[in-house]
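J.: Sharing data_21.cif here; it has mmCIF, C-alpha atoms and all ligand atoms.
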```
data_start
loop_
_atom_site.label_atom_id
_atom_site.label_comp_id
_atom_site.auth_asym_id
_atom_site.auth_seq_id
_atom_site.Cartn_x
_atom_site.Cartn_y
_atom_site.Cartn_z
CA MET M 1 109.66 96.38 84.81
CA THR M 2 111.95 99.24 85.82
CA THR M 3 111.85 100.65 89.34
CA VAL M 4 113.63 103.74 90.64
CA LEU M 5 114.04 103.66 94.42
CA LYS M 6 115.30 106.56 96.51
CA LEU M 7 116.71 105.83 99.94
CA GLY M 8 116.59 109.19 101.70
CA GLY M 9 119.51 110.53 103.67
CA SER M 10 117.43 109.90 106.79
CA VAL M 11 117.40 106.18 105.99
CA VAL M 12 121.08 105.63 105.26
CA THR M 13 122.71 108.14 107.64
CA ASP M 14 122.39 109.33 111.19
CA LYS M 15 121.21 112.87 110.46
CA GLU M 16 122.10 114.15 113.93
CA ALA M 17 125.78 113.25 113.56
CA VAL M 18 128.37 114.35 110.98
CA GLU M 19 129.25 111.88 108.23
CA GLN M 20 127.83 108.94 110.11
CA VAL M 21 126.29 105.97 108.27
CA ASP M 22 123.24 104.50 109.98
CA THR M 23 124.54 100.97 109.59
CA GLY M 24 121.52 99.25 111.09
CA ARG M 25 118.98 100.97 108.87
CA LEU M 26 121.19 100.72 105.79
CA GLU M 27 121.63 96.97 106.31
CA ARG M 28 117.89 96.58 106.77
CA ALA M 29 117.24 98.41 103.51
CA ALA M 30 119.95 96.44 101.70
CA ASP M 31 118.51 93.12 102.91
CA ALA M 32 115.08 94.13 101.62
CA VAL M 33 116.57 95.01 98.21
CA GLY M 34 118.67 91.84 98.17
CA ALA M 35 115.61 89.65 98.82
CA VAL M 36 114.05 90.83 95.55
CA HIS M 37 116.96 92.04 93.40
CA GLY M 38 119.77 89.75 94.62
CA ARG M 39 122.31 88.34 92.14
CA ASP M 40 120.62 84.92 91.95
CA ARG M 41 117.29 86.47 91.13
CA SER M 42 118.53 88.98 88.58
CA GLU M 43 120.22 86.16 86.66
CA GLY M 44 116.70 84.80 86.21
CA ASP M 45 115.38 81.27 86.22
CA GLY M 46 114.15 81.32 82.64
CA THR M 47 110.53 81.72 83.67
CA THR M 48 110.48 85.47 84.24
CA PRO M 49 109.52 87.15 80.98
CA GLU M 50 111.00 90.54 81.81
CA PRO M 51 113.91 91.09 84.21
CA ALA M 52 113.12 93.33 87.17
CA GLU M 53 115.41 96.31 86.77
CA LEU M 54 116.22 98.50 89.73
CA VAL M 55 118.03 101.83 90.03
CA VAL M 56 118.86 103.04 93.53
CA VAL M 57 119.37 106.73 94.36
CA HIS M 58 120.38 107.83 97.83
CA GLY M 59 120.31 111.20 99.53
CA GLY M 60 123.01 113.09 101.36
CA GLY M 61 121.90 113.06 104.98
CA SER M 62 124.77 113.84 107.36
CA PHE M 63 127.31 113.51 104.51
CA GLY M 64 126.18 115.89 101.76
CA HIS M 65 124.23 118.51 103.64
CA PRO M 66 126.81 119.74 106.20
CA SER M 67 129.53 120.16 103.57
CA ALA M 68 127.14 121.81 101.09
CA GLU M 69 126.02 124.20 103.84
CA ARG M 70 129.61 125.00 104.75
CA TYR M 71 130.23 126.27 101.22
CA GLY M 72 126.79 127.84 100.82
CA VAL M 73 125.96 125.63 97.84
CA THR M 74 122.36 124.69 97.11
CA THR M 75 120.38 123.50 94.10
CA SER M 76 120.14 127.13 92.97
CA ASP M 77 123.25 128.81 94.46
CA GLY M 78 126.47 127.59 92.91
CA THR M 79 130.19 127.98 93.58
CA HIS M 80 133.40 128.06 91.56
CA ASP M 81 135.44 126.95 94.59
CA ASP M 82 137.15 123.75 93.50
CA SER M 83 137.72 122.66 97.10
CA ALA M 84 133.94 122.77 97.60
CA VAL M 85 133.56 120.34 94.70
CA ARG M 86 136.15 117.98 96.14
CA ASP M 87 134.69 118.14 99.65
CA ILE M 88 130.98 117.81 98.84
CA HIS M 89 131.47 115.25 96.09
CA GLY M 90 134.05 113.46 98.24
CA ALA M 91 131.65 113.21 101.18
CA MET M 92 128.94 111.82 98.89
CA ARG M 93 131.35 109.30 97.43
CA ASP M 94 132.24 108.09 100.90
CA LEU M 95 128.56 107.56 101.63
CA ASN M 96 127.97 105.98 98.22
CA ARG M 97 130.81 103.54 98.87
CA ALA M 98 129.11 102.47 102.13
CA VAL M 99 125.72 102.10 100.41
CA VAL M 100 127.10 100.14 97.44
CA ASP M 101 129.19 97.87 99.68
CA THR M 102 126.25 97.16 101.97
CA LEU M 103 123.99 96.37 99.01
CA ALA M 104 126.71 94.13 97.56
CA ASP M 105 127.02 92.30 100.90
CA ALA M 106 123.27 91.70 100.73
CA GLY M 107 123.72 90.04 97.34
CA VAL M 108 122.73 92.98 95.15
CA PRO M 109 124.82 93.51 91.97
CA ALA M 110 125.21 97.17 92.94
CA VAL M 111 127.57 99.49 91.05
CA GLN M 112 128.30 103.17 91.64
CA VAL M 113 127.36 105.88 89.14
CA ALA M 114 128.40 109.44 90.02
CA PRO M 115 126.04 112.22 88.91
CA PHE M 116 128.99 114.65 89.10
CA SER M 117 130.59 112.84 86.16
CA THR M 118 127.41 112.19 84.20
CA GLY M 119 124.88 114.95 84.91
CA TYR M 120 124.77 118.75 84.58
CA ARG M 121 122.47 121.73 84.98
CA VAL M 122 121.59 124.23 82.27
CA GLY M 123 119.16 127.13 82.77
CA GLY M 124 118.32 125.79 86.21
CA GLU M 125 117.22 122.45 84.80
CA PHE M 126 119.05 119.34 85.90
CA GLN M 127 119.84 116.84 83.16
CA GLN M 128 120.92 113.28 83.78
CA PRO M 129 121.50 111.40 80.53
CA ALA M 130 120.17 107.91 81.13
CA GLY M 131 122.30 106.08 78.54
CA ALA M 132 124.94 104.60 80.83
CA VAL M 133 122.39 103.72 83.50
CA ALA M 134 120.14 102.04 80.93
CA ALA M 135 123.08 100.05 79.56
CA LEU M 136 124.08 98.93 83.05
CA LEU M 137 120.50 97.85 83.78
CA ALA M 138 120.37 95.85 80.58
CA GLU M 139 123.53 94.07 81.68
CA GLY M 140 122.00 93.05 85.00
CA PHE M 141 123.60 95.61 87.30
CA VAL M 142 121.85 97.73 89.91
CA PRO M 143 123.22 101.27 89.38
CA VAL M 144 123.44 103.32 92.57
CA LEU M 145 123.43 107.13 92.17
CA HIS M 146 123.39 109.81 94.83
CA GLY M 147 122.74 113.46 95.56
CA ASP M 148 125.84 115.31 94.43
CA VAL M 149 127.27 118.50 92.99
CA VAL M 150 127.00 118.98 89.23
CA ALA M 151 128.46 121.35 86.67
CA THR M 152 126.07 124.26 86.21
CA ALA M 153 126.25 126.70 83.32
CA GLY M 154 127.30 130.13 84.60
CA GLN M 155 127.40 129.07 88.26
CA GLY M 156 130.24 126.61 88.67
CA VAL M 157 128.57 123.72 90.46
CA THR M 158 125.26 123.41 92.28
CA VAL M 159 123.78 120.63 94.39
CA VAL M 160 121.59 118.05 92.72
CA SER M 161 119.17 116.40 95.09
CA GLY M 162 118.28 112.73 95.09
CA ASP M 163 114.71 113.70 94.22
CA GLU M 164 115.85 115.52 91.07
CA LEU M 165 117.81 112.45 90.07
CA VAL M 166 114.78 110.24 90.63
CA THR M 167 112.66 112.44 88.37
CA GLU M 168 115.23 112.56 85.60
CA LEU M 169 115.91 108.84 85.73
CA ALA M 170 112.23 107.88 85.87
CA GLU M 171 111.63 109.93 82.73
CA GLY M 172 114.84 108.97 80.94
CA LEU M 173 114.39 105.26 81.61
CA ASP M 174 110.62 105.31 81.12
CA ALA M 175 110.36 103.68 84.56
CA ASP M 176 107.25 101.81 85.67
CA ARG M 177 107.45 102.64 89.38
CA VAL M 178 109.10 105.11 91.69
CA GLY M 179 109.62 104.62 95.43
CA LEU M 180 110.69 107.30 97.91
CA CYS M 181 111.77 105.71 101.17
CA SER M 182 112.44 108.24 103.94
CA ASP M 183 111.69 108.68 107.63
CA VAL M 184 108.01 109.49 107.10
CA PRO M 185 105.47 106.70 106.49
CA GLY M 186 103.79 108.67 103.68
CA VAL M 187 102.23 112.03 102.92
CA LEU M 188 100.45 112.96 106.12
CA ASP M 189 97.16 114.77 106.64
CA ARG M 190 96.60 117.35 109.38
CA ASP M 191 96.00 114.62 111.96
CA GLY M 192 99.24 112.89 111.08
CA ALA M 193 97.48 110.04 109.28
CA VAL M 194 98.92 108.70 106.02
CA ILE M 195 96.97 109.81 102.93
CA GLU M 196 96.60 106.63 100.89
CA ARG M 197 96.34 108.11 97.41
CA ILE M 198 96.87 111.48 95.79
CA GLN M 199 95.61 112.00 92.27
CA ALA M 200 95.44 115.79 92.07
CA PHE M 201 97.24 118.53 93.97
CA ASP M 202 94.02 120.36 94.75
CA ASP M 203 92.85 117.39 96.83
CA VAL M 204 95.67 117.94 99.32
CA ALA M 205 96.71 121.58 98.77
CA ASP M 206 95.38 122.89 102.09
CA VAL M 207 96.95 120.02 104.04
CA LEU M 208 100.35 120.48 102.41
CA GLY M 209 100.46 124.26 102.21
CA GLU M 210 102.28 124.85 105.47
CA SER M 211 105.14 122.43 105.05
CA ALA M 212 106.26 124.25 101.91
CA ALA M 213 107.30 127.27 103.95
CA THR M 214 109.40 125.37 106.46
CA ASP M 215 111.59 123.36 104.11
CA VAL M 216 114.20 125.02 101.88
CA THR M 217 113.75 122.43 99.13
CA GLY M 218 109.98 122.94 99.10
CA GLY M 219 109.01 120.14 101.47
CA MET M 220 106.26 117.67 100.83
CA ALA M 221 104.11 120.06 98.77
CA ALA M 222 106.82 120.50 96.13
CA LYS M 223 107.54 116.79 96.23
CA VAL M 224 103.90 115.90 95.59
CA ARG M 225 103.65 118.40 92.72
CA THR M 226 106.75 116.94 91.10
CA LEU M 227 105.51 113.38 91.53
CA LEU M 228 102.10 114.23 90.05
CA ASP M 229 103.84 115.70 86.99
CA LEU M 230 106.00 112.64 86.61
CA GLY M 231 103.87 110.26 84.56
CA THR M 232 105.09 107.36 86.71
CA PRO M 233 103.24 106.16 89.82
CA ALA M 234 105.27 106.97 92.92
CA SER M 235 104.98 105.64 96.46
CA VAL M 236 106.13 107.57 99.53
CA PHE M 237 106.85 105.33 102.51
CA ASP M 238 109.34 104.59 105.30
CA LEU M 239 111.65 101.65 105.96
CA ASP M 240 108.74 99.60 107.33
CA GLY M 241 107.14 99.80 103.89
CA LEU M 242 110.19 98.90 101.81
CA ASP M 243 109.58 95.13 101.62
CA ALA M 244 105.99 95.71 100.49
CA PHE M 245 107.06 98.26 97.87
CA LEU M 246 109.67 95.92 96.43
CA ALA M 247 107.05 93.15 96.39
CA GLY M 248 104.96 95.33 94.06
CA GLU M 249 102.56 96.68 96.68
CA SER M 250 101.79 100.35 97.41
CA PRO M 251 102.74 101.08 101.03
CA GLY M 252 102.39 104.63 102.38
CA THR M 253 101.02 107.15 99.90
CA LEU M 254 100.60 106.41 96.20
CA VAL M 255 100.98 109.61 94.18
CA ALA M 256 99.82 109.20 90.61
CA GLY M 257 98.19 111.71 88.28
CA SER M 258 95.07 111.27 86.21
CA TYR M 259 96.94 109.08 83.68
CA PHE M 260 96.85 106.31 86.28
CA SER M 261 93.80 104.20 87.00
CA TYR M 262 93.70 102.91 90.54
CA GLY M 263 92.78 99.24 90.60
CA GLY M 264 90.34 97.40 92.81
CA GLU M 265 87.57 99.98 92.96
C1 LIG M 301 121.52 116.03 98.96
O1 LIG M 301 120.69 115.06 98.45
C2 LIG M 301 122.89 115.95 98.30
C3 LIG M 301 123.85 116.95 98.79
C4 LIG M 301 123.61 117.83 99.72
C5 LIG M 301 125.16 116.95 98.15
P1 LIG M 301 119.18 114.95 99.03
O2 LIG M 301 118.60 116.32 99.22
O3 LIG M 301 118.45 114.03 98.14
O4 LIG M 301 119.43 114.27 100.45
P2 LIG M 301 118.43 113.89 101.62
O5 LIG M 301 117.70 112.65 101.23
O6 LIG M 301 117.49 115.07 101.81
O7 LIG M 301 119.33 113.69 102.80
#
```
Would you write out, as structure tokens, the structure that this file holds?

T.:
Amino acid sequence: MTTVLKLGGSVVTDKEAVEQVDTGRLERAADAVGAVHGRDRSEGDGTTPEPAELVVVHGGGSFGHPSAERYGVTTSDGTHDDSAVRDIHGAMRDLNRAVVDTLADAGVPAVQVAPFSTGYRVGGEFQQPAGAVAALLAEGFVPVLHGDVVATAGQGVTVVSGDELVTELAEGLDADRVGLCSDVPGVLDRDGAVIERIQAFDDVADVLGESAATDVTGGMAAKVRTLLDLGTPASVFDLDGLDAFLAGESPGTLVAGSYFSYGGE
């Protein structure tokens, strides 16, 4: 069982400040991960047929976004300014160090993997070879990747978002589950209520239409489209739902295309 979990920048950082880790929320998330994927558990007790493999990806929050903005770098607009690379990547490494250390303190065999050194973008498409991550998983580690800058053919470097990494890794590792933990409890309908399940974009298109215009990365509508295309069931939830997700439940919104048969009905 392979799970890819994204901890959004809003979970691990204080988004209102500059380069500020949200220690309380990060520790809470790390404890939840440690309770299920801690060192003792990943070593196994001989009764678990298949080890539970976990990859963590975290966003940029108040680390990646301000420095990327300063240099005008996005997922589609690149730069050849080497100081931009050092600053944006450096900020993300600082955050990654805090995330990895906090996970390690919570008993998770967390190790850092930098997309800048392992991924790249060609023709607009982000590629993250999964070989090293798969090998680390097989050896019992919990690889921790992060939004970053990556080499981009013809453009220098561009930003890679945590969501892009999640998609690439879920496909490359043939993951069984994806979890997106952010500051929203799920995909919300017009009344602000969490939509429990999304199986087709048309079911929610009118509810999600507006958010697409207000978010530069495409907002929830783009996220839902990507998740429906994924071929791996994905849950969208907030920190309150993390324990349940790691326990195998489906907190928040479960987004899964027609390949997936929803149980219990
Ligand atoms: C952004 O990653 C990474 C950089 C800006 C370098 P994300 O886009 O995944 O971050 P959050 O989760 O929205 O903060």

J.: Kindly assemble as JSON lines a list of the segment 107-204 of chain M residues that lie within 8 Å of segment 233-246 of chain M, each paired with its nearest atom pair and their distance in Å to one decimal, using all atoms listed in the file, sorted first by chain and then by ascending residue number.

T.:
```
{"residue": "M:Asp176", "atom": "CA", "partner": "M:Pro233", "partner_atom": "CA", "distance": 7.2}
{"residue": "M:Arg177", "atom": "CA", "partner": "M:Pro233", "partner_atom": "CA", "distance": 5.5}
{"residue": "M:Val178", "atom": "CA", "partner": "M:Ala234", "partner_atom": "CA", "distance": 4.4}
{"residue": "M:Gly179", "atom": "CA", "partner": "M:Ser235", "partner_atom": "CA", "distance": 4.9}
{"residue": "M:Leu180", "atom": "CA", "partner": "M:Val236", "partner_atom": "CA", "distance": 4.8}
{"residue": "M:Cys181", "atom": "CA", "partner": "M:Asp238", "partner_atom": "CA", "distance": 4.9}
{"residue": "M:Ser182", "atom": "CA", "partner": "M:Asp238", "partner_atom": "CA", "distance": 5.0}
{"residue": "M:Asp183", "atom": "CA", "partner": "M:Asp238", "partner_atom": "CA", "distance": 5.3}
{"residue": "M:Val184", "atom": "CA", "partner": "M:Asp238", "partner_atom": "CA", "distance": 5.4}
{"residue": "M:Pro185", "atom": "CA", "partner": "M:Phe237", "partner_atom": "CA", "distance": 4.4}
{"residue": "M:Gly186", "atom": "CA", "partner": "M:Phe237", "partner_atom": "CA", "distance": 4.7}
{"residue": "M:Val187", "atom": "CA", "partner": "M:Val236", "partner_atom": "CA", "distance": 6.8}
```

J.: When you look at Val18 of chain M with a cut-off of 8 Å (counting only C-alpha atoms), what residues show up, excluding the ones that are within fewer than 2 positions of it in the same chain? I need them as an MDAnalysis selection string.

T.: chainID M and resid 14:16 20 62:63 66

J.: Within 10 Å of ligand LIG 301 (chain M), which residues show up when you count all atoms listed in the file? List them as a ChimeraX atom specification, please.

T.: /M:6-15,57-69,73-75,85,87-93,146-150,158-166,180-183,217,219

J.: Of the candidates M:Pro115, M:Gly34, M:Pro251, M:Gly123, which shows the shortest atom-to-atom distance to Ser76 of chain M, using all atoms listed in the file?

T.: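 Checking each candidate against Ser76 of chain M, we get M:Gly123 as the closest.
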
J.: Tell me which of M:Met220, M:Ala106, M:Leu145, M:Ala114 sits closest to Asp40 of chain M, counting all atoms listed in the file.

T.: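 Among the listed residues, the smallest separation from Asp40 of chain M belongs to M:Ala106.
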
J.: Give the answer as one residue: which of M:Gly154, M:Gly248, M:Pro143, M:Pro109 has the shortest atom-to-atom distance to Arg121 of chain M, using all atoms listed in the file?

T.: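 Ranked by minimum distance to Arg121 of chain M, first place goes to M:Gly154.
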
J.: Take atom CA of Arg25 of chain M and atom CA of Gly38 of chain M and report the distance between them in Å, one decimal.

T.: 18.2 Å

J.: How far is it from atom CA of Ala30 of chain M to atom CA of Val56 of chain M, in Å with one decimal?

T.: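 Rounded to one decimal, the two atoms are 10.6 Å apart.
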
J.: Using only C-alpha atoms, can you list as a short mmCIF file (atom, residue, chain, number, x, y, z; two decimals) with C-alpha atoms, in the coordinates of the input the residues within 12 Å of (126.4, 104.7, 83.1)?

T.:
```
data_model
loop_
_atom_site.label_atom_id
_atom_site.label_comp_id
_atom_site.auth_asym_id
_atom_site.auth_seq_id
_atom_site.Cartn_x
_atom_site.Cartn_y
_atom_site.Cartn_z
CA VAL M 55 118.03 101.83 90.03
CA VAL M 111 127.57 99.49 91.05
CA GLN M 112 128.30 103.17 91.64
CA VAL M 113 127.36 105.88 89.14
CA ALA M 114 128.40 109.44 90.02
CA PRO M 115 126.04 112.22 88.91
CA PHE M 116 128.99 114.65 89.10
CA SER M 117 130.59 112.84 86.16
CA THR M 118 127.41 112.19 84.20
CA GLY M 119 124.88 114.95 84.91
CA GLN M 128 120.92 113.28 83.78
CA PRO M 129 121.50 111.40 80.53
CA ALA M 130 120.17 107.91 81.13
CA GLY M 131 122.30 106.08 78.54
CA ALA M 132 124.94 104.60 80.83
CA VAL M 133 122.39 103.72 83.50
CA ALA M 134 120.14 102.04 80.93
CA ALA M 135 123.08 100.05 79.56
CA LEU M 136 124.08 98.93 83.05
CA LEU M 137 120.50 97.85 83.78
CA ALA M 138 120.37 95.85 80.58
CA GLU M 139 123.53 94.07 81.68
CA PHE M 141 123.60 95.61 87.30
CA VAL M 142 121.85 97.73 89.91
CA PRO M 143 123.22 101.27 89.38
CA VAL M 144 123.44 103.32 92.57
CA LEU M 145 123.43 107.13 92.17
CA LEU M 169 115.91 108.84 85.73
#
```

J.: Just how far from atom CA of Ala222 of chain M is atom CA of Ala247 of chain M, in Å to one decimal?

T.: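 According to the coordinates, atom CA of Ala247 of chain M and atom CA of Ala222 of chain M are separated by 27.4 Å.
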
J.: Fewer than 5 positions away in the same chain doesn't count, so skip those; otherwise give me all residues within 9 Å of Glu27 of chain M, counting only C-alpha atoms, as a PyMOL selection string.

T.: chain M and resi 12+22+32+99+102-103+105-106

J.: I need every residue sitting at most 9 Å from the point (96.1, 115.3, 95.1) (coordinates as in the file, only C-alpha atoms considered), written as a list in words.

T.: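 The residues that fall inside the cut-off are Arg197, Ile198, Gln199, Ala200, Phe201, Asp202, Asp203, Val204, Ala205, Val224, Arg225, Leu228, Val255, Ala256 and Gly257 of chain M.
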
J.: Pick from M:Asp229, M:Thr23, M:Glu196, M:Ala104: nearest to Tyr262 of chain M, with only C-alpha atoms counted?

T.: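 Residue with the minimum atom-to-atom distance to Tyr262 of chain M: M:Glu196.
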
J.: Counting only C-alpha atoms, figure out which residue out of M:Glu53, M:Asp189, M:Asp206, M:Glu125 gets nearest to Glu168 of chain M.

T.: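 Once distances to Glu168 of chain M are computed over only C-alpha atoms, the minimum belongs to M:Glu125.
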
J.: Mind filling out segment 129-153 of chain M with N, CA, C and O atoms and sending it as a PDB file, keeping the file's coordinate frame?

T.:
```pdb
ATOM      1  N   PRO M 129     121.652 112.326  81.646  1.00  0.00           N
ATOM      2  CA  PRO M 129     121.500 111.400  80.530  1.00  0.00           C
ATOM      3  C   PRO M 129     121.399 109.966  81.075  1.00  0.00           C
ATOM      4  O   PRO M 129     122.163 109.575  81.954  1.00  0.00           O
ATOM      5  N   ALA M 130     120.446 109.224  80.548  1.00  0.00           N
ATOM      6  CA  ALA M 130     120.170 107.910  81.130  1.00  0.00           C
ATOM      7  C   ALA M 130     120.911 106.782  80.421  1.00  0.00           C
ATOM      8  O   ALA M 130     120.812 105.621  80.832  1.00  0.00           O
ATOM      9  N   GLY M 131     121.687 107.127  79.371  1.00  0.00           N
ATOM     10  CA  GLY M 131     122.300 106.080  78.540  1.00  0.00           C
ATOM     11  C   GLY M 131     123.126 105.059  79.304  1.00  0.00           C
ATOM     12  O   GLY M 131     122.912 103.851  79.165  1.00  0.00           O
ATOM     13  N   ALA M 132     124.064 105.538  80.125  1.00  0.00           N
ATOM     14  CA  ALA M 132     124.940 104.600  80.830  1.00  0.00           C
ATOM     15  C   ALA M 132     124.147 103.770  81.836  1.00  0.00           C
ATOM     16  O   ALA M 132     124.358 102.560  81.983  1.00  0.00           O
ATOM     17  N   VAL M 133     123.204 104.428  82.502  1.00  0.00           N
ATOM     18  CA  VAL M 133     122.390 103.720  83.500  1.00  0.00           C
ATOM     19  C   VAL M 133     121.539 102.644  82.808  1.00  0.00           C
ATOM     20  O   VAL M 133     121.454 101.501  83.271  1.00  0.00           O
ATOM     21  N   ALA M 134     120.959 103.004  81.666  1.00  0.00           N
ATOM     22  CA  ALA M 134     120.140 102.040  80.930  1.00  0.00           C
ATOM     23  C   ALA M 134     120.987 100.849  80.482  1.00  0.00           C
ATOM     24  O   ALA M 134     120.553  99.690  80.562  1.00  0.00           O
ATOM     25  N   ALA M 135     122.201 101.134  80.023  1.00  0.00           N
ATOM     26  CA  ALA M 135     123.080 100.050  79.560  1.00  0.00           C
ATOM     27  C   ALA M 135     123.475  99.145  80.722  1.00  0.00           C
ATOM     28  O   ALA M 135     123.523  97.913  80.580  1.00  0.00           O
ATOM     29  N   LEU M 136     123.741  99.737  81.877  1.00  0.00           N
ATOM     30  CA  LEU M 136     124.080  98.930  83.050  1.00  0.00           C
ATOM     31  C   LEU M 136     122.903  98.052  83.465  1.00  0.00           C
ATOM     32  O   LEU M 136     123.065  96.873  83.805  1.00  0.00           O
ATOM     33  N   LEU M 137     121.703  98.627  83.437  1.00  0.00           N
ATOM     34  CA  LEU M 137     120.500  97.850  83.780  1.00  0.00           C
ATOM     35  C   LEU M 137     120.340  96.658  82.844  1.00  0.00           C
ATOM     36  O   LEU M 137     120.062  95.543  83.295  1.00  0.00           O
ATOM     37  N   ALA M 138     120.539  96.921  81.572  1.00  0.00           N
ATOM     38  CA  ALA M 138     120.370  95.850  80.580  1.00  0.00           C
ATOM     39  C   ALA M 138     121.378  94.726  80.789  1.00  0.00           C
ATOM     40  O   ALA M 138     121.138  93.580  80.408  1.00  0.00           O
ATOM     41  N   GLU M 139     122.502  95.078  81.420  1.00  0.00           N
ATOM     42  CA  GLU M 139     123.530  94.070  81.680  1.00  0.00           C
ATOM     43  C   GLU M 139     123.378  93.422  83.056  1.00  0.00           C
ATOM     44  O   GLU M 139     124.249  92.680  83.501  1.00  0.00           O
ATOM     45  N   GLY M 140     122.289  93.735  83.738  1.00  0.00           N
ATOM     46  CA  GLY M 140     122.000  93.050  85.000  1.00  0.00           C
ATOM     47  C   GLY M 140     122.536  93.713  86.249  1.00  0.00           C
ATOM     48  O   GLY M 140     122.454  93.142  87.342  1.00  0.00           O
ATOM     49  N   PHE M 141     123.091  94.902  86.116  1.00  0.00           N
ATOM     50  CA  PHE M 141     123.600  95.610  87.300  1.00  0.00           C
ATOM     51  C   PHE M 141     122.486  96.418  87.962  1.00  0.00           C
ATOM     52  O   PHE M 141     121.460  96.729  87.336  1.00  0.00           O
ATOM     53  N   VAL M 142     122.725  96.784  89.209  1.00  0.00           N
ATOM     54  CA  VAL M 142     121.850  97.730  89.910  1.00  0.00           C
ATOM     55  C   VAL M 142     122.660  99.019  90.106  1.00  0.00           C
ATOM     56  O   VAL M 142     123.501  99.102  91.011  1.00  0.00           O
ATOM     57  N   PRO M 143     122.476 100.018  89.230  1.00  0.00           N
ATOM     58  CA  PRO M 143     123.220 101.270  89.380  1.00  0.00           C
ATOM     59  C   PRO M 143     122.775 102.024  90.640  1.00  0.00           C
ATOM     60  O   PRO M 143     121.580 102.061  90.946  1.00  0.00           O
ATOM     61  N   VAL M 144     123.752 102.584  91.338  1.00  0.00           N
ATOM     62  CA  VAL M 144     123.440 103.320  92.570  1.00  0.00           C
ATOM     63  C   VAL M 144     123.975 104.742  92.431  1.00  0.00           C
ATOM     64  O   VAL M 144     125.187 104.959  92.399  1.00  0.00           O
ATOM     65  N   LEU M 145     123.058 105.713  92.303  1.00  0.00           N
ATOM     66  CA  LEU M 145     123.430 107.130  92.170  1.00  0.00           C
ATOM     67  C   LEU M 145     123.140 107.842  93.479  1.00  0.00           C
ATOM     68  O   LEU M 145     122.525 107.268  94.386  1.00  0.00           O
ATOM     69  N   HIS M 146     123.532 109.095  93.564  1.00  0.00           N
ATOM     70  CA  HIS M 146     123.390 109.810  94.830  1.00  0.00           C
ATOM     71  C   HIS M 146     123.305 111.315  94.613  1.00  0.00           C
ATOM     72  O   HIS M 146     123.796 111.830  93.589  1.00  0.00           O
ATOM     73  N   GLY M 147     122.685 112.000  95.566  1.00  0.00           N
ATOM     74  CA  GLY M 147     122.740 113.460  95.560  1.00  0.00           C
ATOM     75  C   GLY M 147     124.193 113.874  95.449  1.00  0.00           C
ATOM     76  O   GLY M 147     125.073 113.192  95.958  1.00  0.00           O
ATOM     77  N   ASP M 148     124.447 115.013  94.780  1.00  0.00           N
ATOM     78  CA  ASP M 148     125.840 115.310  94.430  1.00  0.00           C
ATOM     79  C   ASP M 148     125.965 116.801  94.116  1.00  0.00           C
ATOM     80  O   ASP M 148     125.004 117.564  94.268  1.00  0.00           O
ATOM     81  N   VAL M 149     127.146 117.207  93.656  1.00  0.00           N
ATOM     82  CA  VAL M 149     127.270 118.500  92.990  1.00  0.00           C
ATOM     83  C   VAL M 149     127.398 118.216  91.488  1.00  0.00           C
ATOM     84  O   VAL M 149     127.914 117.164  91.101  1.00  0.00           O
ATOM     85  N   VAL M 150     126.896 119.151  90.684  1.00  0.00           N
ATOM     86  CA  VAL M 150     127.000 118.980  89.230  1.00  0.00           C
ATOM     87  C   VAL M 150     127.377 120.293  88.564  1.00  0.00           C
ATOM     88  O   VAL M 150     127.009 121.381  89.041  1.00  0.00           O
ATOM     89  N   ALA M 151     128.086 120.180  87.459  1.00  0.00           N
ATOM     90  CA  ALA M 151     128.460 121.350  86.670  1.00  0.00           C
ATOM     91  C   ALA M 151     127.194 122.105  86.282  1.00  0.00           C
ATOM     92  O   ALA M 151     126.196 121.506  85.876  1.00  0.00           O
ATOM     93  N   THR M 152     127.259 123.431  86.450  1.00  0.00           N
ATOM     94  CA  THR M 152     126.070 124.260  86.210  1.00  0.00           C
ATOM     95  C   THR M 152     126.461 125.486  85.407  1.00  0.00           C
ATOM     96  O   THR M 152     127.297 126.283  85.857  1.00  0.00           O
ATOM     97  N   ALA M 153     125.877 125.613  84.220  1.00  0.00           N
ATOM     98  CA  ALA M 153     126.250 126.700  83.320  1.00  0.00           C
ATOM     99  C   ALA M 153     126.147 128.057  84.008  1.00  0.00           C
ATOM    100  O   ALA M 153     125.098 128.410  84.554  1.00  0.00           O
TER     101      ALA M 153
END
```
